[in-house]
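Enquirer: The structure is given below, and queries will be raised subsequently.
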Amino acid sequence: MSKKIAVLPGDGIGVEIIAEAVKVLEHLKSEGLDVELSEAPVGGAGYDAAGKPLPDETLALVKQADAILLGAVGGPQYENLPRELRPERGLLGLRSELGLFANLRPAILYPQLAEASSLKADVVSGLDIMIVRELTGGIYFGEPRGIRTNANGEREGFNTLVYSEPEIDRIARVAFDIAMKRGKQLCSVDKANVLEVSELWREVVKNVGAEYGEVELSHMYVDNAAMQLVKWPKQFDVMVTKNMFGDILSDAAAMLTGSIGMLPSASLDANSKGMYEPIHGSAPDIAGKGVANPLATILSVAMMLRYSLDETVLADRIDAAVGRVLDKGLRTPDIMTAGGRQIGTVEMGEAVLAEL
Ligand code: IPM
Ligand code: MG
C-alpha cells in the first residue's frame with residue numbers, strides 16, 4: 001500500500017524549500033517509491049486560508065499520513081495576532097496532537113563546509129552530534145500558564161516546567177537506542193543543581209541507563225553543556241534533554257556546523273510516525289528571493305525515508321547526492337566558502353536531482 005506523505009510548506013522560505021524537496025520525492029516516486037503526496041496549509045498560511053494556524057482539514061490530513069514534511073512557520077505579518085492564532089501555535093499543535101515527543105536534531109559538519117563555521121576548523125571538523133530533544137512536554141506545554149494580575153495589582157507571567165516519570169522514561173529510551181546505534185555515549189543535560197524536575201529527570205535517566213550497560217552515560221548541567229558545545233563539541237555523541245534546553249542547545253549546535261541551513265530534523269511518535277522539517281525558521285528577510293538553502297529540507301526527506309518509510313538505501317543516496325553537490329563547490333549564500341560557486345534555491349534543488 002502506498003505511504004501517505006502530508007506536505008506542509010508553511011510560511012516564508014518554507015514554500016521555496018519545500019518545492020525543491022518535493023521534486024526529490026517526485027523523482028524517487030518516478031523510480032518506483034510508492035508514496036502519495038498531499039499538501040495543506042499550516043502556520044500563517046493556515047491562518048490566511050482557514051482563520052487558524054492548524055486548520056481542521058490540515059489536522060485531519062496529518063493524522064492519516066504516515067509521515068509529514070514541513071517547511072517552516074512564522075512571519076512578521078502574524079506577530080500581532082493573539083497568541084493562540086500565531087503560526088508557532090500551528091507547529092506546537094502538530095507536535096502535541098500527533099504525540100511527536102522525540103525530536104532528533106543531528107548536527108553534522110560536512111567537511112566541505114568546515115570553513116563556514118565560526119569556530120576553528122580543528123574544533124568542528126568531523127563533528128557528528130545527535131541531540132534528542134523532548135518535544136511535547138516541559139515548560140512549552142505545562143499548566144498552569146498565563147499572564148495574571150497578582151495581589152499587589154502587578155501583572156505577572158507564569159509557566160510550569162513539569163515532567164512525569166513516564167515522559168522522561170520514554171525519551172530516555174529513544175536516546176539510549178540511538179546511542180546504541182552510534183558511538184554508545186549519552187550525555188543527559190539537566191539543571192539538577194537547581195530544579196526538582198531535573199532531579200527526577202536525572203534519576204529516571206539513570207534507571208533507564210541500567211538497562212543499557214553498553215552505553216556510557218554522563219550528566220551535565222545545561223549551562224556547562226552550552227559552554228562545552230562551543231569549547232570542544234566533539235566530546236559529545238548523543239545528548240538528551242528537555243524541550244526548552246533542547247531548543248536552545250540545538251541552535252547552538254547547528255551554528256557549529258556553519259549553517260543552520262544544512263540541518264534536518266525528525267519528530268517521532270511512539271510508532272515512528274514522524275514529522276520532518278529543517279531546523280531553521282521561515283526567514284522572512286530572504287523569503288521570495290530565491291536564495292534560501294533547500295538542503296536541510298532535502299536532508300529531512302532523507303531522514304523521513306530512514307525513520308518512517310524504512311528506505312535506508314534511498315536515504316543514503318540522498319545524503320550522498322548532497323555530499324557530491326558540496327564537493328562541486330555549489331553553495332547557497334548561507335554556506336558560501338572561498339572558491340565556491342554561489343547559486344540559488346532552485347539551482348541547488350536541481351543540482352541534487354542531477355546527482356541523484
Ligand atoms: C524550534 C523552534 C520552535 C520551538 C518555535 C518556532 C516554536 O524554535 O523548532 O526549535 O521553539 O520549538
Ligand atoms: Mg528553536
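Ordered as shown in the C-alpha cells, chains take letters A, B, and onward, while each chain numbers its residues from 1 and ligands are numbered from 1 in the order shown.
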Using only C-alpha atoms and all ligand atoms, find each residue with an atom at most 9 Å away from ligand 1 and format the answer as a VMD selection string.
Expert: chain A and resid 72 to 74 87 to 92 135 140 243 to 244 246 to 248 250 to 251 277 to 282
Enquirer: What lies within 8 Å of A:Val301 using only C-alpha atoms, ignoring chain neighbours under 2 positions off, as an MDAnalysis selection string?
Expert: chainID A and resid 21 25 69 276 297:299 303:305 315
Enquirer: Please, which residues of stretch 54-249 of chain A, numbered as in this document, come out alpha helix (DSSP H) from DSSP, as an MDAnalysis selection string?
Expert: chainID A and resid 56:64 87:97 121:124 165:181 196:209 222:231 243:249
Enquirer: Do you know which residues are at most 12 Å from A:Glu143 counting only C-alpha atoms, after dropping those on the same chain fewer than 4 positions away, and could you put them as a VMD selection string?
Expert: chain A and resid 137 to 139 158 to 163
Enquirer: Could you write those residues out with N, CA, C and O atoms, as a PDB file, in the first residue's frame?
Expert:
```
ATOM      1  N   GLY A 137       6.458  18.012  26.034  1.00  0.00           N
ATOM      2  CA  GLY A 137       6.240  18.254  27.459  1.00  0.00           C
ATOM      3  C   GLY A 137       7.031  19.458  27.934  1.00  0.00           C
ATOM      4  O   GLY A 137       7.403  20.330  27.160  1.00  0.00           O
ATOM      5  N   GLY A 138       7.273  19.462  29.233  1.00  0.00           N
ATOM      6  CA  GLY A 138       8.086  20.528  29.816  1.00  0.00           C
ATOM      7  C   GLY A 138       7.382  21.869  29.808  1.00  0.00           C
ATOM      8  O   GLY A 138       6.158  21.969  29.735  1.00  0.00           O
ATOM      9  N   ILE A 139       8.167  22.907  29.829  1.00  0.00           N
ATOM     10  CA  ILE A 139       7.631  24.259  30.023  1.00  0.00           C
ATOM     11  C   ILE A 139       6.824  24.746  28.807  1.00  0.00           C
ATOM     12  O   ILE A 139       5.999  25.647  28.920  1.00  0.00           O
ATOM     13  N   PHE A 158       3.559  33.549  33.974  1.00  0.00           N
ATOM     14  CA  PHE A 158       3.998  32.317  34.620  1.00  0.00           C
ATOM     15  C   PHE A 158       3.822  31.121  33.701  1.00  0.00           C
ATOM     16  O   PHE A 158       2.909  31.062  32.877  1.00  0.00           O
ATOM     17  N   ASN A 159       4.743  30.193  33.813  1.00  0.00           N
ATOM     18  CA  ASN A 159       4.688  28.916  33.088  1.00  0.00           C
ATOM     19  C   ASN A 159       5.106  27.815  34.042  1.00  0.00           C
ATOM     20  O   ASN A 159       5.668  28.090  35.093  1.00  0.00           O
ATOM     21  N   THR A 160       4.843  26.596  33.641  1.00  0.00           N
ATOM     22  CA  THR A 160       5.108  25.467  34.527  1.00  0.00           C
ATOM     23  C   THR A 160       6.038  24.480  33.839  1.00  0.00           C
ATOM     24  O   THR A 160       5.752  24.044  32.725  1.00  0.00           O
ATOM     25  N   LEU A 161       7.125  24.162  34.508  1.00  0.00           N
ATOM     26  CA  LEU A 161       8.043  23.157  33.966  1.00  0.00           C
ATOM     27  C   LEU A 161       7.769  21.841  34.675  1.00  0.00           C
ATOM     28  O   LEU A 161       8.104  21.678  35.851  1.00  0.00           O
ATOM     29  N   VAL A 162       7.112  20.939  33.995  1.00  0.00           N
ATOM     30  CA  VAL A 162       6.723  19.684  34.633  1.00  0.00           C
ATOM     31  C   VAL A 162       7.032  18.505  33.720  1.00  0.00           C
ATOM     32  O   VAL A 162       6.828  18.591  32.503  1.00  0.00           O
ATOM     33  N   TYR A 163       7.580  17.451  34.281  1.00  0.00           N
ATOM     34  CA  TYR A 163       7.790  16.192  33.560  1.00  0.00           C
ATOM     35  C   TYR A 163       7.365  15.024  34.424  1.00  0.00           C
ATOM     36  O   TYR A 163       7.784  14.921  35.576  1.00  0.00           O
TER      37      TYR A 163
END
```
Enquirer: Running DSSP on the backbone, which parts of stretch 22-140 of chain A land in strand (DSSP E), as number ranges by chain?
Expert: A: 35-39, 67-72, 102-108, 128-134
Enquirer: At a cut-off of 8 Å, using only C-alpha atoms, what residues contact A:Glu36? Leave out same-chain residues fewer than 5 positions from it and give the result as a ChimeraX atom specification.
Expert: /A:2-5
Enquirer: Skip A:Arg148 itself and residues of its chain fewer than 5 positions away, then list as a PyMOL selection string all residues within 12 Å of it, counting only C-alpha atoms.
Expert: chain A and resi 153-159
Enquirer: Contacts of A:Val322 at 7 Å or less, counting only C-alpha atoms, minus same-chain residues fewer than 4 places along, as a PyMOL selection string?
Expert: chain A and resi 318+326+352
Enquirer: Excluding same-chain residues fewer than 4 positions from A:Asn103, what lies within 9 Å of it counting only C-alpha atoms, as a PyMOL selection string?
Expert: chain A and resi 131-135+243+246+265-268
Enquirer: Write the selection just made, keeping all heavy atoms, as a short mmCIF file (atom, residue, chain, number, x, y, z; two decimals), in the first residue's frame?
Expert:
```
data_model
loop_
_atom_site.label_atom_id
_atom_site.label_comp_id
_atom_site.auth_asym_id
_atom_site.auth_seq_id
_atom_site.Cartn_x
_atom_site.Cartn_y
_atom_site.Cartn_z
N ILE A 131 21.32 15.47 18.89
CA ILE A 131 20.60 15.99 20.05
C ILE A 131 19.19 15.40 20.04
O ILE A 131 18.47 15.51 19.05
CB ILE A 131 20.55 17.53 20.03
CG1 ILE A 131 21.98 18.08 20.15
CG2 ILE A 131 19.65 18.06 21.16
CD1 ILE A 131 22.07 19.59 20.24
N VAL A 132 18.83 14.76 21.14
CA VAL A 132 17.49 14.21 21.29
C VAL A 132 16.75 15.13 22.26
O VAL A 132 17.07 15.20 23.43
CB VAL A 132 17.54 12.77 21.84
CG1 VAL A 132 16.12 12.22 22.00
CG2 VAL A 132 18.36 11.88 20.91
N ARG A 133 15.78 15.84 21.70
CA ARG A 133 15.05 16.84 22.48
C ARG A 133 13.64 16.34 22.76
O ARG A 133 12.93 15.94 21.83
CB ARG A 133 14.99 18.14 21.64
CG ARG A 133 14.04 19.18 22.17
CD ARG A 133 13.90 20.35 21.17
NE ARG A 133 12.92 21.31 21.63
CZ ARG A 133 12.40 22.28 20.88
NH1 ARG A 133 12.81 22.44 19.62
NH2 ARG A 133 11.51 23.10 21.38
N GLU A 134 13.22 16.38 24.02
CA GLU A 134 11.83 16.04 24.34
C GLU A 134 10.97 17.14 23.75
O GLU A 134 11.28 18.32 23.88
CB GLU A 134 11.67 15.95 25.87
CG GLU A 134 10.45 15.15 26.32
CD GLU A 134 9.12 15.81 26.02
OE1 GLU A 134 9.04 17.05 26.05
OE2 GLU A 134 8.15 15.09 25.74
N LEU A 135 9.86 16.78 23.12
CA LEU A 135 9.18 17.79 22.30
C LEU A 135 7.71 18.07 22.66
O LEU A 135 7.11 18.99 22.14
CB LEU A 135 9.27 17.37 20.83
CG LEU A 135 9.11 18.46 19.78
CD1 LEU A 135 10.15 19.56 19.93
CD2 LEU A 135 9.17 17.89 18.36
N ASN A 243 12.58 19.83 26.62
CA ASN A 243 12.10 20.61 25.50
C ASN A 243 12.84 21.95 25.33
O ASN A 243 13.45 22.21 24.28
CB ASN A 243 10.60 20.83 25.69
CG ASN A 243 9.88 21.12 24.39
OD1 ASN A 243 10.49 21.49 23.40
ND2 ASN A 243 8.57 20.95 24.38
N GLY A 246 16.66 21.76 24.89
CA GLY A 246 16.96 21.22 23.56
C GLY A 246 16.76 22.26 22.47
O GLY A 246 17.50 22.29 21.48
N SER A 265 15.62 17.65 10.71
CA SER A 265 15.22 17.10 11.99
C SER A 265 14.06 16.15 11.80
O SER A 265 13.36 16.19 10.79
CB SER A 265 14.82 18.21 12.97
OG SER A 265 13.55 18.73 12.61
N ALA A 266 13.91 15.28 12.79
CA ALA A 266 12.79 14.34 12.78
C ALA A 266 12.09 14.45 14.12
O ALA A 266 12.74 14.57 15.15
CB ALA A 266 13.31 12.92 12.59
N SER A 267 10.76 14.44 14.11
CA SER A 267 9.99 14.42 15.35
C SER A 267 9.11 13.19 15.29
O SER A 267 8.23 13.09 14.44
CB SER A 267 9.13 15.67 15.47
OG SER A 267 9.93 16.82 15.33
N LEU A 268 9.36 12.26 16.21
CA LEU A 268 8.74 10.94 16.11
C LEU A 268 7.77 10.66 17.24
O LEU A 268 7.96 11.10 18.37
CB LEU A 268 9.83 9.85 16.13
CG LEU A 268 10.96 10.00 15.11
CD1 LEU A 268 12.01 8.92 15.35
CD2 LEU A 268 10.43 9.90 13.69
#
```
Enquirer: Measuring atom to atom with only C-alpha atoms, identify which of A:Pro294, A:Pro55, A:Pro233, A:Gly344 is nearest to A:Met255.
Expert: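 Smallest distance to A:Met255 is found for A:Pro233.
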Enquirer: Would you work out the distance separating atom CA of A:Ser308 from atom CA of A:Ala102, expressed in Å to one decimal?
Expert: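 Spanning atom CA of A:Ser308 to atom CA of A:Ala102 is a straight-line distance of 13.2 Å.
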